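Participant: Sharing a structure with you now.
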Amino acid sequence: MEYLYSVLILIGIYTILAASFNLIVGFGGLISIAHPIFFALAAYCSAILNLHLGVPISLAIVIGALFSTVMSFALSLPSLRISGDYLLIASIGFQLGFVEVIKNVEIAGAASGLTGIESLYTSEQRSLYFAITVLVVAAVVVWLVHRMTSGDYGRAIQAMRDDEEAFTSLGRNAMAVKITIFAVGSGLAGLAGALYAHHFQFLSPDQFGITQSALILTMVVVGGMGTTWGPVVGALLLVALPQAIAFLNLPAAIMAPLQGMIYTGLVLLFLYVRPGGLVTRRVRQ
Amino acid sequence: MFELPILLQILWTSVATSTYYVLFAIAFSLTLKVAQVWNFAQAAVMGVAFYGMFAAMRLWNWPAALGFVLGLVLAIALSMAVEVWGYRVLKRRRSSALLLFIFAIVVAEFIAYLLTLFFGTEPESLTKSMTADIYLAGGVAISSWDLGALAATIVTCAALAAYLRFTRQGQFLFAVADNAALAELYGISANRAILTAMVLSAALVAVGIYLYGTRASMIPNAPLDLMLLAVIATILGGIGSLAGAAGAAVFLSLLQSGSILFIPSQWQSSLIYFVLFVVILFFPTGFRLPAWPRRRR
């Protein structure tokens with residue numbers, strides 16, 4: 001059961017990450033892949049606040065998410081004046097630069113990682129409680145993103161994405177919309193990060209590199225970019241399917257790369273078979 | 001610390017280390033110029049070339065030359081496969097730049113997992129011993145590896161320049177890079193030109209990875225990090241400029257090694273990413289020297 005709870009927790013965490021990333025890349029059309037660094041910053045912030053300053057875990061989680069929101073301005077304010085491939089490459093620089101910084105900060109455990117993080121729940125059923133918490137938070141995040149991207153503000157986001165010049169010529173502030181969705185998306189990623197830290201109780205800078213970016217991005221694309229349910233389906237599929245071989249009891253040296261191959265192989269397959277994603281956008285007549 | 005012999009040693013070591021960075025940067029820049037693709041799958045080509053050479057030279061005890069040829073053949077085969085069955089198909093479907101990026105990065109990851117499955121995560125090098133003969137010149141230590149790497153890089157770059165400048169097929173690459181549709185109207189096959197660029201870039205990668213593997217160790221995940229420096233050099237040198245990418249690779253190597261004089265060594269790799277972020281924000285088209293003014297007759 002413990003294993004099943006772990007898979008459910010991962011599905012919940014990645015649903016939050018994919019849904020919040022979808023807000024930025026799918027709805028906002030901002031091709032940044034630095035999402036994992038906001039996941040990381042909140043995770044480290046929350047863990048350090050609790051470990052070294054004794055801040056209660058639930059408060060530390062909230063502060064962690066807010067910290068990621070604030071840090072998102074460091075990327076969005078200077079870099080949203082560029083777009084497309086350039087934004088993508090700038091975001092890689094931002095993300096990997098911060099990963100390198102974390103590797104050298106002693107209080108964050110440096111390259112060997114941060115251990116001894118307290119768990120949100122301490123009872124014997126902690127995994128069950130945590131799975132329920134994460135899944136509820138994931139559902140709220142999906143609903144929040146849906147609310148934000150529908151209605152008047154949602155139409156404004158989509159208009160900005162589809163034709164920024166026309167949007168600006170109507171007197172709307174495209175930059176403000178971009179910065180807002182970047183901040184909200186990053187804050188939600190931070191929430192996932194802080195939750196992650198207080199369950200898995202170990203953080204290592206290597207967890208937040210470009211491989212993590214590719215994983216979240218593929219969840220969004222395989223699920224269906226710019227749709228509400230796409231990231232949920234993507235997260236469910238790409239976390240659950242590689243677990244199919246977990247019961248074969250293979251040695252770790254074989255299991256880990258084999259799971260990686262299954263996940264990347266699936267992504268390649270979907271890119272050919274369903275490049276538009278499994279969930280497609282509803283087109284209004 | 002700022003004594004002349006130390007500065008000269010850092011300069012020499014940076015130039016020697018930059019040899020493989022130069023080749024990786026030109027390979028990346030060439031693909032971007034001709035195929036208009038940020039070919040992150042180059043990391044997969046690097047991995048396959050290295051482990052092909054490693055299997056031949058260290059596991060099967062083949063001579064180094066044969067090992068290199070095997071790595072070269074595997075690199076070219078993978079590069080062609082990525083173009084023909086990957087980029088070409090996705091471009092035909094008018095896929096977005098994001099989808100091409102995902103494809104490239106996922107191919108790189110798939111190959112990294114495959115190599116991990118076969119070769120594990122222990123660092124491996126192409127030679128049993130990485131020691132080289134050392135000569136002293138004016139207080140600067142110069143190794144036989146340095147000289148060999150410089151010679152190999154110069155010969156490879158000269159051969160590439162000659163191919164691009166003096167052969168019809170080489171000139172076709174520039175024609176396609178400038179305007180693929182117009183080039184097609186003149187009977188130049190854009191697909192063939194792009195495939196040629198991919199093959200050339202794989203060959204450069206094979207030479208570069210051989211140099212790298214005879215000096216340092218490799219793990220299956222390492223090529224992605226190695227390749228990021230090529231990406232930075234490509235942007236810094238000005239997108240579309242092969243010579244610019246090569247120059248930028250030398251500059252980045254100098255910056256990385258020279259930074260030890262100013263910042264603690266553990267921050268050296270952060271510096272490169274900081275440079276990437278700053279360059280792309282403030283100099284997205286790279287640095288270009290002003291053109292020589294033409295004399296009027």
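Quick note on naming: the chains in the structure tokens go A, B, ... in the order shown, residues restart at 1 in each chain, and ligands are numbered from 1 in order of appearance.
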Please find the residues of chain A near chain B - the criterion being any atom within 6 Å, counting only C-alpha atoms - and write them as a VMD selection string.
Facilitator: chain A and resid 90 93 to 94 97 100 254 257 261 264
Participant: I want to know what sits within 9 Å of Met130 in chain B, based on only C-alpha atoms, with residues of the same chain fewer than 2 positions away left out; could you give that as a list in words?
Facilitator: Ser125, Leu126, Thr127, Lys128, Ala132, Thr214, Arg215 and Ala216 of chain B
Participant: Quick one: everything within 12 Å of Trp85 in chain B, counting only C-alpha atoms, minus sequence neighbours fewer than 6 positions away in the same chain. Send it as a list in words.
Facilitator: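 Counting only the stated atoms, we get Leu268, Leu271 and Tyr272 of chain A; Ala77, Leu78, Ser79, Lys91, Arg92, Phe103, Ala104, Val107 and Leu195 of chain B.
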Participant: Any chance you can output those residues with C-alpha atoms as a PDB file, in the first residue's frame?
Facilitator:
ATOM      1  CA  LEU A 268       8.303   9.861 -28.610  1.00  0.00           C
ATOM      2  CA  LEU A 271       4.722  12.913 -30.524  1.00  0.00           C
ATOM      3  CA  TYR A 272       4.151  10.837 -33.652  1.00  0.00           C
TER       4      TYR A 272
ATOM      5  CA  ALA B  77      23.923   7.059 -38.308  1.00  0.00           C
ATOM      6  CA  LEU B  78      22.092   8.478 -35.276  1.00  0.00           C
ATOM      7  CA  SER B  79      22.286  12.027 -36.573  1.00  0.00           C
ATOM      8  CA  LYS B  91       8.513  19.808 -39.837  1.00  0.00           C
ATOM      9  CA  ARG B  92       6.339  18.260 -42.557  1.00  0.00           C
ATOM     10  CA  PHE B 103      11.543  15.754 -29.486  1.00  0.00           C
ATOM     11  CA  ALA B 104      15.238  16.689 -29.393  1.00  0.00           C
ATOM     12  CA  VAL B 107      15.774  11.718 -27.825  1.00  0.00           C
ATOM     13  CA  LEU B 195      21.089  15.971 -44.024  1.00  0.00           C
TER      14      LEU B 195
END
Participant: Neighbours of range 105-117 of chain A within 12 Å (only C-alpha atoms; same-chain residues fewer than 2 positions away dropped), as number ranges by chain?
Facilitator: A: 40-54, 57, 60, 98-103, 119-121, 194-208; B: 266-267
Participant: Hey, what's within 9 Å of Gln42 in chain B if we count only C-alpha atoms and toss same-chain stuff fewer than 3 positions away? As a list of chain:residue names, please?
Facilitator: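 The residues satisfying every condition are B:Phe24, B:Ala27, B:Phe28, B:Asn39, B:Val45, B:Met46, B:Gly47, B:Ser79, B:Ala104, B:Ala108, B:Ser201, B:Ala202, B:Val205, B:Pro223, B:Leu224, B:Met227.
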Participant: Atoms to include: N, CA and C atoms. Write the selected residues as an mmCIF file, in the first residue's frame.
Facilitator:
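Result written to again_19.cif:
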data_model
loop_
_atom_site.group_PDB
_atom_site.id
_atom_site.type_symbol
_atom_site.label_atom_id
_atom_site.label_comp_id
_atom_site.auth_asym_id
_atom_site.auth_seq_id
_atom_site.Cartn_x
_atom_site.Cartn_y
_atom_site.Cartn_z
ATOM 1 N N PHE B 24 32.187 21.124 -30.656
ATOM 2 C CA PHE B 24 30.770 20.962 -30.285
ATOM 3 C C PHE B 24 29.969 22.209 -30.681
ATOM 4 N N ALA B 27 29.463 22.379 -34.433
ATOM 5 C CA ALA B 27 28.469 21.361 -34.817
ATOM 6 C C ALA B 27 27.057 21.867 -34.533
ATOM 7 N N PHE B 28 26.866 22.433 -33.347
ATOM 8 C CA PHE B 28 25.536 22.921 -32.965
ATOM 9 C C PHE B 28 25.123 24.106 -33.845
ATOM 10 N N ASN B 39 19.316 21.861 -32.086
ATOM 11 C CA ASN B 39 19.458 20.404 -32.050
ATOM 12 C C ASN B 39 19.997 19.892 -30.719
ATOM 13 N N VAL B 45 23.919 12.224 -29.812
ATOM 14 C CA VAL B 45 24.978 11.871 -30.765
ATOM 15 C C VAL B 45 26.324 11.799 -30.037
ATOM 16 N N MET B 46 26.537 12.749 -29.119
ATOM 17 C CA MET B 46 27.783 12.759 -28.344
ATOM 18 C C MET B 46 27.888 11.483 -27.496
ATOM 19 N N GLY B 47 26.801 11.134 -26.853
ATOM 20 C CA GLY B 47 26.790 9.946 -25.993
ATOM 21 C C GLY B 47 27.060 8.675 -26.778
ATOM 22 N N SER B 79 22.610 10.670 -36.131
ATOM 23 C CA SER B 79 22.286 12.027 -36.573
ATOM 24 C C SER B 79 21.359 11.992 -37.792
ATOM 25 N N ALA B 104 13.776 16.734 -29.487
ATOM 26 C CA ALA B 104 15.238 16.689 -29.393
ATOM 27 C C ALA B 104 15.689 16.310 -27.984
ATOM 28 N N ALA B 108 17.556 12.856 -26.595
ATOM 29 C CA ALA B 108 18.796 12.906 -25.808
ATOM 30 C C ALA B 108 18.645 12.110 -24.513
ATOM 31 N N SER B 201 27.916 17.753 -38.789
ATOM 32 C CA SER B 201 27.901 18.067 -37.358
ATOM 33 C C SER B 201 28.194 16.815 -36.535
ATOM 34 N N ALA B 202 27.698 15.655 -36.984
ATOM 35 C CA ALA B 202 28.001 14.402 -36.270
ATOM 36 C C ALA B 202 29.497 14.095 -36.337
ATOM 37 N N VAL B 205 31.255 16.296 -33.909
ATOM 38 C CA VAL B 205 30.988 15.797 -32.556
ATOM 39 C C VAL B 205 31.878 14.587 -32.250
ATOM 40 N N PRO B 223 26.732 14.404 -21.562
ATOM 41 C CA PRO B 223 26.692 15.149 -22.826
ATOM 42 C C PRO B 223 25.742 16.345 -22.822
ATOM 43 N N LEU B 224 24.630 16.241 -22.075
ATOM 44 C CA LEU B 224 23.669 17.350 -22.061
ATOM 45 C C LEU B 224 24.309 18.609 -21.468
ATOM 46 N N MET B 227 26.877 19.956 -23.851
ATOM 47 C CA MET B 227 26.283 20.587 -25.022
ATOM 48 C C MET B 227 25.768 21.989 -24.718
#
Participant: Using only C-alpha atoms, pick whichever of B:Ala206, B:Ala193, B:Ala248, B:Leu7 has the shortest atom-to-atom distance to Ala44 in chain B.
Facilitator: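 Of all the options, B:Ala206 lies closest to Ala44 in chain B.
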Participant: Please identify all polymer residues within 12 Å of Leu8 in chain A, counting only C-alpha atoms, omitting same-chain residues fewer than 3 positions from it, and present them as an MDAnalysis selection string.
Facilitator: chainID A and resid 1:5 11:15 127:136 138 235:237 239:240 243
Participant: Quick one: write out the picked residues with N, CA and C atoms as a PDB file, in the first residue's frame?
Facilitator:
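As a result, selection_33.pdb now contains:
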ATOM      1  N   MET A   1       0.830  -1.207   0.000  1.00  0.00           N
ATOM      2  CA  MET A   1       0.000   0.000   0.000  1.00  0.00           C
ATOM      3  C   MET A   1       0.865   1.257   0.000  1.00  0.00           C
ATOM      4  N   GLU A   2       1.971   1.162   0.752  1.00  0.00           N
ATOM      5  CA  GLU A   2       2.882   2.313   0.855  1.00  0.00           C
ATOM      6  C   GLU A   2       3.341   2.751  -0.535  1.00  0.00           C
ATOM      7  N   TYR A   3       3.627   1.736  -1.377  1.00  0.00           N
ATOM      8  CA  TYR A   3       4.080   2.016  -2.740  1.00  0.00           C
ATOM      9  C   TYR A   3       2.971   2.716  -3.536  1.00  0.00           C
ATOM     10  N   LEU A   4       1.762   2.232  -3.381  1.00  0.00           N
ATOM     11  CA  LEU A   4       0.622   2.823  -4.088  1.00  0.00           C
ATOM     12  C   LEU A   4       0.421   4.278  -3.658  1.00  0.00           C
ATOM     13  N   TYR A   5       0.558   4.536  -2.348  1.00  0.00           N
ATOM     14  CA  TYR A   5       0.408   5.913  -1.859  1.00  0.00           C
ATOM     15  C   TYR A   5       1.484   6.813  -2.461  1.00  0.00           C
ATOM     16  N   ILE A  11       1.654  11.459  -8.468  1.00  0.00           N
ATOM     17  CA  ILE A  11       0.657  11.889  -9.459  1.00  0.00           C
ATOM     18  C   ILE A  11       0.088  13.257  -9.054  1.00  0.00           C
ATOM     19  N   GLY A  12      -0.208  13.413  -7.770  1.00  0.00           N
ATOM     20  CA  GLY A  12      -0.742  14.688  -7.275  1.00  0.00           C
ATOM     21  C   GLY A  12       0.254  15.824  -7.452  1.00  0.00           C
ATOM     22  N   ILE A  13       1.501  15.567  -7.051  1.00  0.00           N
ATOM     23  CA  ILE A  13       2.549  16.604  -7.159  1.00  0.00           C
ATOM     24  C   ILE A  13       2.716  17.009  -8.623  1.00  0.00           C
ATOM     25  N   TYR A  14       2.815  16.005  -9.506  1.00  0.00           N
ATOM     26  CA  TYR A  14       3.049  16.314 -10.923  1.00  0.00           C
ATOM     27  C   TYR A  14       1.808  16.923 -11.582  1.00  0.00           C
ATOM     28  N   THR A  15       0.630  16.611 -11.058  1.00  0.00           N
ATOM     29  CA  THR A  15      -0.573  17.269 -11.589  1.00  0.00           C
ATOM     30  C   THR A  15      -0.503  18.766 -11.288  1.00  0.00           C
ATOM     31  N   SER A 127       1.481   8.440   4.944  1.00  0.00           N
ATOM     32  CA  SER A 127       1.448   8.411   3.478  1.00  0.00           C
ATOM     33  C   SER A 127       0.019   8.544   2.958  1.00  0.00           C
ATOM     34  N   LEU A 128      -0.910   7.891   3.639  1.00  0.00           N
ATOM     35  CA  LEU A 128      -2.323   7.974   3.234  1.00  0.00           C
ATOM     36  C   LEU A 128      -2.826   9.413   3.379  1.00  0.00           C
ATOM     37  N   TYR A 129      -2.548  10.014   4.556  1.00  0.00           N
ATOM     38  CA  TYR A 129      -2.996  11.391   4.793  1.00  0.00           C
ATOM     39  C   TYR A 129      -2.368  12.344   3.779  1.00  0.00           C
ATOM     40  N   PHE A 130      -1.101  12.091   3.519  1.00  0.00           N
ATOM     41  CA  PHE A 130      -0.408  12.991   2.601  1.00  0.00           C
ATOM     42  C   PHE A 130      -0.964  12.835   1.177  1.00  0.00           C
ATOM     43  N   ALA A 131      -1.241  11.593   0.793  1.00  0.00           N
ATOM     44  CA  ALA A 131      -1.805  11.358  -0.554  1.00  0.00           C
ATOM     45  C   ALA A 131      -3.134  12.104  -0.696  1.00  0.00           C
ATOM     46  N   ILE A 132      -3.959  12.017   0.361  1.00  0.00           N
ATOM     47  CA  ILE A 132      -5.264  12.711   0.311  1.00  0.00           C
ATOM     48  C   ILE A 132      -5.039  14.228   0.210  1.00  0.00           C
ATOM     49  N   THR A 133      -4.117  14.744   1.040  1.00  0.00           N
ATOM     50  CA  THR A 133      -3.838  16.191   1.027  1.00  0.00           C
ATOM     51  C   THR A 133      -3.389  16.638  -0.363  1.00  0.00           C
ATOM     52  N   VAL A 134      -2.410  15.915  -0.921  1.00  0.00           N
ATOM     53  CA  VAL A 134      -1.847  16.322  -2.213  1.00  0.00           C
ATOM     54  C   VAL A 134      -2.904  16.241  -3.309  1.00  0.00           C
ATOM     55  N   LEU A 135      -3.712  15.197  -3.288  1.00  0.00           N
ATOM     56  CA  LEU A 135      -4.725  15.050  -4.336  1.00  0.00           C
ATOM     57  C   LEU A 135      -5.789  16.154  -4.225  1.00  0.00           C
ATOM     58  N   VAL A 136      -6.119  16.528  -2.984  1.00  0.00           N
ATOM     59  CA  VAL A 136      -7.089  17.629  -2.804  1.00  0.00           C
ATOM     60  C   VAL A 136      -6.478  18.940  -3.316  1.00  0.00           C
ATOM     61  N   ALA A 138      -4.148  19.251  -5.522  1.00  0.00           N
ATOM     62  CA  ALA A 138      -4.058  19.155  -6.988  1.00  0.00           C
ATOM     63  C   ALA A 138      -5.400  19.507  -7.632  1.00  0.00           C
ATOM     64  N   ALA A 235       0.099  13.833 -16.448  1.00  0.00           N
ATOM     65  CA  ALA A 235       0.762  13.468 -15.187  1.00  0.00           C
ATOM     66  C   ALA A 235       0.424  12.035 -14.787  1.00  0.00           C
ATOM     67  N   LEU A 236      -0.854  11.710 -14.911  1.00  0.00           N
ATOM     68  CA  LEU A 236      -1.316  10.365 -14.544  1.00  0.00           C
ATOM     69  C   LEU A 236      -0.596   9.304 -15.383  1.00  0.00           C
ATOM     70  N   LEU A 237      -0.570   9.558 -16.679  1.00  0.00           N
ATOM     71  CA  LEU A 237      -0.002   8.586 -17.620  1.00  0.00           C
ATOM     72  C   LEU A 237       1.510   8.427 -17.432  1.00  0.00           C
ATOM     73  N   VAL A 239       3.449   9.252 -14.940  1.00  0.00           N
ATOM     74  CA  VAL A 239       3.922   8.760 -13.637  1.00  0.00           C
ATOM     75  C   VAL A 239       3.549   7.284 -13.499  1.00  0.00           C
ATOM     76  N   ALA A 240       2.318   6.951 -13.935  1.00  0.00           N
ATOM     77  CA  ALA A 240       1.823   5.593 -13.678  1.00  0.00           C
ATOM     78  C   ALA A 240       2.421   4.534 -14.615  1.00  0.00           C
ATOM     79  N   GLN A 243       5.644   2.766 -13.930  1.00  0.00           N
ATOM     80  CA  GLN A 243       5.584   1.932 -12.711  1.00  0.00           C
ATOM     81  C   GLN A 243       5.162   0.501 -13.036  1.00  0.00           C
TER      82      GLN A 243
END
Participant: Among range 89-170 of chain B, which ones does DSSP assign to alpha helix (DSSP H) (computed from the backbone)? Answer as number ranges by chain.
Facilitator: B: 89-92, 97-119, 144-166, 168-170
